[in-house]
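In what follows, a single structure is set out as structure tokens and then discussed.
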Amino acid sequence: MHPFSTGRLARLEVAHRFLAQVLQRGDVWFAPMEEIAAHVRTVVDKGRWSPRIDRLPYYAEAVRVR
């Protein structure tokens, strides 16, 4: 969690309650980024998931604003 969201005791309590509720669901996975990246690589390689790729516009020169 970002320190901004947990930097004060009241915010930390809200985050704690949120995580407790999420864990009670039982269908949530918490993992380090390396494990998540390996999982994504596996499902992409097996063809079970394809990430959405948003193509941003490319401008060859400066955009003029009027």
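Simple scheme: letters A, B, ... for chains in structure tokens order, numbers from 1 for residues in each chain, numbers from 1 for ligands in the order shown.
Using only C-alpha atoms, the residues found no farther than 12 Å from A:Val40, other than those of its own chain fewer than 6 positions away, are Met33, Glu34, Lys46, Gly47, Arg48, Trp49, Ser50 and Pro51 of chain A.
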| field | Point-to-point distance from atom CA of A:Arg25 to atom CA of A:Arg11, Å rounded to tenths | value | 21.8 Å
When DSSP is applied to the backbone of this structure, which of chain A are assigned helix (DSSP H, G or I)? Write them out as a PDB file with N, CA, C and O atoms, in the first residue's frame.
ATOM      1  N   PRO A   3       2.260   4.742   1.056  1.00  0.00           N
ATOM      2  CA  PRO A   3       2.297   5.407   2.367  1.00  0.00           C
ATOM      3  C   PRO A   3       1.269   6.522   2.509  1.00  0.00           C
ATOM      4  O   PRO A   3       0.790   6.794   3.598  1.00  0.00           O
ATOM      5  N   PHE A   4       0.880   7.149   1.395  1.00  0.00           N
ATOM      6  CA  PHE A   4      -0.117   8.220   1.487  1.00  0.00           C
ATOM      7  C   PHE A   4      -1.444   7.682   2.018  1.00  0.00           C
ATOM      8  O   PHE A   4      -2.135   8.351   2.765  1.00  0.00           O
ATOM      9  N   SER A   5      -1.793   6.452   1.632  1.00  0.00           N
ATOM     10  CA  SER A   5      -3.082   5.916   2.051  1.00  0.00           C
ATOM     11  C   SER A   5      -3.053   5.344   3.467  1.00  0.00           C
ATOM     12  O   SER A   5      -4.099   5.123   4.063  1.00  0.00           O
ATOM     13  N   THR A   6      -1.884   5.091   4.010  1.00  0.00           N
ATOM     14  CA  THR A   6      -1.799   4.520   5.351  1.00  0.00           C
ATOM     15  C   THR A   6      -0.996   5.392   6.304  1.00  0.00           C
ATOM     16  O   THR A   6      -0.679   4.954   7.405  1.00  0.00           O
ATOM     17  N   LEU A   9      -3.327   7.145  11.214  1.00  0.00           N
ATOM     18  CA  LEU A   9      -3.922   6.015  11.908  1.00  0.00           C
ATOM     19  C   LEU A   9      -5.348   5.717  11.418  1.00  0.00           C
ATOM     20  O   LEU A   9      -5.719   4.562  11.222  1.00  0.00           O
ATOM     21  N   ALA A  10      -6.141   6.748  11.184  1.00  0.00           N
ATOM     22  CA  ALA A  10      -7.520   6.536  10.731  1.00  0.00           C
ATOM     23  C   ALA A  10      -7.531   5.855   9.362  1.00  0.00           C
ATOM     24  O   ALA A  10      -8.353   4.975   9.096  1.00  0.00           O
ATOM     25  N   ARG A  11      -6.624   6.244   8.479  1.00  0.00           N
ATOM     26  CA  ARG A  11      -6.551   5.621   7.159  1.00  0.00           C
ATOM     27  C   ARG A  11      -6.102   4.171   7.266  1.00  0.00           C
ATOM     28  O   ARG A  11      -6.582   3.309   6.540  1.00  0.00           O
ATOM     29  N   LEU A  12      -5.180   3.917   8.151  1.00  0.00           N
ATOM     30  CA  LEU A  12      -4.699   2.553   8.334  1.00  0.00           C
ATOM     31  C   LEU A  12      -5.824   1.651   8.837  1.00  0.00           C
ATOM     32  O   LEU A  12      -5.945   0.505   8.415  1.00  0.00           O
ATOM     33  N   GLU A  13      -6.667   2.160   9.696  1.00  0.00           N
ATOM     34  CA  GLU A  13      -7.797   1.383  10.200  1.00  0.00           C
ATOM     35  C   GLU A  13      -8.759   1.032   9.062  1.00  0.00           C
ATOM     36  O   GLU A  13      -9.246  -0.089   8.972  1.00  0.00           O
ATOM     37  N   VAL A  14      -9.028   1.970   8.180  1.00  0.00           N
ATOM     38  CA  VAL A  14      -9.900   1.705   7.034  1.00  0.00           C
ATOM     39  C   VAL A  14      -9.260   0.646   6.131  1.00  0.00           C
ATOM     40  O   VAL A  14      -9.938  -0.281   5.679  1.00  0.00           O
ATOM     41  N   ALA A  15      -7.977   0.763   5.876  1.00  0.00           N
ATOM     42  CA  ALA A  15      -7.279  -0.225   5.053  1.00  0.00           C
ATOM     43  C   ALA A  15      -7.314  -1.594   5.718  1.00  0.00           C
ATOM     44  O   ALA A  15      -7.523  -2.611   5.048  1.00  0.00           O
ATOM     45  N   HIS A  16      -7.152  -1.640   7.029  1.00  0.00           N
ATOM     46  CA  HIS A  16      -7.190  -2.906   7.762  1.00  0.00           C
ATOM     47  C   HIS A  16      -8.563  -3.555   7.639  1.00  0.00           C
ATOM     48  O   HIS A  16      -8.677  -4.760   7.379  1.00  0.00           O
ATOM     49  N   ARG A  17      -9.627  -2.775   7.803  1.00  0.00           N
ATOM     50  CA  ARG A  17     -10.975  -3.326   7.674  1.00  0.00           C
ATOM     51  C   ARG A  17     -11.231  -3.824   6.255  1.00  0.00           C
ATOM     52  O   ARG A  17     -11.837  -4.879   6.062  1.00  0.00           O
ATOM     53  N   PHE A  18     -10.764  -3.072   5.270  1.00  0.00           N
ATOM     54  CA  PHE A  18     -10.929  -3.483   3.872  1.00  0.00           C
ATOM     55  C   PHE A  18     -10.231  -4.818   3.618  1.00  0.00           C
ATOM     56  O   PHE A  18     -10.820  -5.740   3.043  1.00  0.00           O
ATOM     57  N   LEU A  19      -8.985  -4.939   4.043  1.00  0.00           N
ATOM     58  CA  LEU A  19      -8.241  -6.187   3.829  1.00  0.00           C
ATOM     59  C   LEU A  19      -8.883  -7.356   4.571  1.00  0.00           C
ATOM     60  O   LEU A  19      -8.935  -8.473   4.050  1.00  0.00           O
ATOM     61  N   ALA A  20      -9.402  -7.116   5.763  1.00  0.00           N
ATOM     62  CA  ALA A  20     -10.070  -8.179   6.513  1.00  0.00           C
ATOM     63  C   ALA A  20     -11.300  -8.676   5.757  1.00  0.00           C
ATOM     64  O   ALA A  20     -11.537  -9.885   5.656  1.00  0.00           O
ATOM     65  N   GLN A  21     -12.085  -7.757   5.193  1.00  0.00           N
ATOM     66  CA  GLN A  21     -13.266  -8.140   4.415  1.00  0.00           C
ATOM     67  C   GLN A  21     -12.873  -8.904   3.150  1.00  0.00           C
ATOM     68  O   GLN A  21     -13.503  -9.905   2.794  1.00  0.00           O
ATOM     69  N   VAL A  22     -11.830  -8.446   2.495  1.00  0.00           N
ATOM     70  CA  VAL A  22     -11.378  -9.108   1.274  1.00  0.00           C
ATOM     71  C   VAL A  22     -10.903 -10.525   1.582  1.00  0.00           C
ATOM     72  O   VAL A  22     -11.235 -11.469   0.865  1.00  0.00           O
ATOM     73  N   LEU A  23     -10.142 -10.689   2.635  1.00  0.00           N
ATOM     74  CA  LEU A  23      -9.634 -12.012   2.999  1.00  0.00           C
ATOM     75  C   LEU A  23     -10.757 -12.969   3.382  1.00  0.00           C
ATOM     76  O   LEU A  23     -10.659 -14.180   3.144  1.00  0.00           O
ATOM     77  N   GLN A  24     -11.834 -12.455   3.958  1.00  0.00           N
ATOM     78  CA  GLN A  24     -12.967 -13.306   4.318  1.00  0.00           C
ATOM     79  C   GLN A  24     -13.646 -13.899   3.091  1.00  0.00           C
ATOM     80  O   GLN A  24     -14.247 -14.963   3.165  1.00  0.00           O
ATOM     81  N   ARG A  25     -13.559 -13.221   1.960  1.00  0.00           N
ATOM     82  CA  ARG A  25     -14.181 -13.733   0.737  1.00  0.00           C
ATOM     83  C   ARG A  25     -13.577 -15.068   0.323  1.00  0.00           C
ATOM     84  O   ARG A  25     -14.267 -15.930  -0.191  1.00  0.00           O
ATOM     85  N   MET A  33       5.000  -8.969  -6.571  1.00  0.00           N
ATOM     86  CA  MET A  33       4.951  -8.642  -8.002  1.00  0.00           C
ATOM     87  C   MET A  33       5.628  -9.702  -8.868  1.00  0.00           C
ATOM     88  O   MET A  33       5.171  -9.995  -9.969  1.00  0.00           O
ATOM     89  N   GLU A  34       6.709 -10.298  -8.390  1.00  0.00           N
ATOM     90  CA  GLU A  34       7.398 -11.312  -9.182  1.00  0.00           C
ATOM     91  C   GLU A  34       6.484 -12.506  -9.452  1.00  0.00           C
ATOM     92  O   GLU A  34       6.467 -13.056 -10.547  1.00  0.00           O
ATOM     93  N   GLU A  35       5.716 -12.902  -8.447  1.00  0.00           N
ATOM     94  CA  GLU A  35       4.798 -14.030  -8.599  1.00  0.00           C
ATOM     95  C   GLU A  35       3.643 -13.678  -9.540  1.00  0.00           C
ATOM     96  O   GLU A  35       3.213 -14.502 -10.349  1.00  0.00           O
ATOM     97  N   ILE A  36       3.153 -12.463  -9.436  1.00  0.00           N
ATOM     98  CA  ILE A  36       2.079 -12.013 -10.325  1.00  0.00           C
ATOM     99  C   ILE A  36       2.582 -11.967 -11.767  1.00  0.00           C
ATOM    100  O   ILE A  36       1.902 -12.433 -12.693  1.00  0.00           O
ATOM    101  N   ALA A  37       3.781 -11.444 -11.979  1.00  0.00           N
ATOM    102  CA  ALA A  37       4.348 -11.378 -13.331  1.00  0.00           C
ATOM    103  C   ALA A  37       4.533 -12.773 -13.911  1.00  0.00           C
ATOM    104  O   ALA A  37       4.240 -13.006 -15.095  1.00  0.00           O
ATOM    105  N   ALA A  38       4.993 -13.720 -13.106  1.00  0.00           N
ATOM    106  CA  ALA A  38       5.169 -15.093 -13.584  1.00  0.00           C
ATOM    107  C   ALA A  38       3.818 -15.704 -13.949  1.00  0.00           C
ATOM    108  O   ALA A  38       3.696 -16.412 -14.959  1.00  0.00           O
ATOM    109  N   HIS A  39       2.796 -15.442 -13.163  1.00  0.00           N
ATOM    110  CA  HIS A  39       1.455 -15.952 -13.454  1.00  0.00           C
ATOM    111  C   HIS A  39       0.930 -15.383 -14.770  1.00  0.00           C
ATOM    112  O   HIS A  39       0.401 -16.117 -15.616  1.00  0.00           O
ATOM    113  N   VAL A  40       1.088 -14.074 -14.952  1.00  0.00           N
ATOM    114  CA  VAL A  40       0.629 -13.440 -16.190  1.00  0.00           C
ATOM    115  C   VAL A  40       1.369 -14.034 -17.388  1.00  0.00           C
ATOM    116  O   VAL A  40       0.767 -14.363 -18.414  1.00  0.00           O
ATOM    117  N   ARG A  41       2.671 -14.194 -17.273  1.00  0.00           N
ATOM    118  CA  ARG A  41       3.459 -14.786 -18.358  1.00  0.00           C
ATOM    119  C   ARG A  41       2.939 -16.178 -18.696  1.00  0.00           C
ATOM    120  O   ARG A  41       2.783 -16.541 -19.858  1.00  0.00           O
ATOM    121  N   THR A  42       2.620 -16.980 -17.688  1.00  0.00           N
ATOM    122  CA  THR A  42       2.122 -18.342 -17.895  1.00  0.00           C
ATOM    123  C   THR A  42       0.791 -18.347 -18.637  1.00  0.00           C
ATOM    124  O   THR A  42       0.620 -19.079 -19.611  1.00  0.00           O
ATOM    125  N   VAL A  43      -0.169 -17.535 -18.184  1.00  0.00           N
ATOM    126  CA  VAL A  43      -1.481 -17.560 -18.837  1.00  0.00           C
ATOM    127  C   VAL A  43      -1.435 -16.981 -20.234  1.00  0.00           C
ATOM    128  O   VAL A  43      -2.165 -17.420 -21.122  1.00  0.00           O
ATOM    129  N   VAL A  44      -0.553 -16.014 -20.483  1.00  0.00           N
ATOM    130  CA  VAL A  44      -0.392 -15.470 -21.839  1.00  0.00           C
ATOM    131  C   VAL A  44       0.238 -16.529 -22.738  1.00  0.00           C
ATOM    132  O   VAL A  44      -0.237 -16.782 -23.854  1.00  0.00           O
ATOM    133  N   ASP A  45       1.295 -17.185 -22.266  1.00  0.00           N
ATOM    134  CA  ASP A  45       1.976 -18.204 -23.066  1.00  0.00           C
ATOM    135  C   ASP A  45       1.063 -19.377 -23.405  1.00  0.00           C
ATOM    136  O   ASP A  45       1.172 -19.967 -24.472  1.00  0.00           O
TER     137      ASP A  45
END
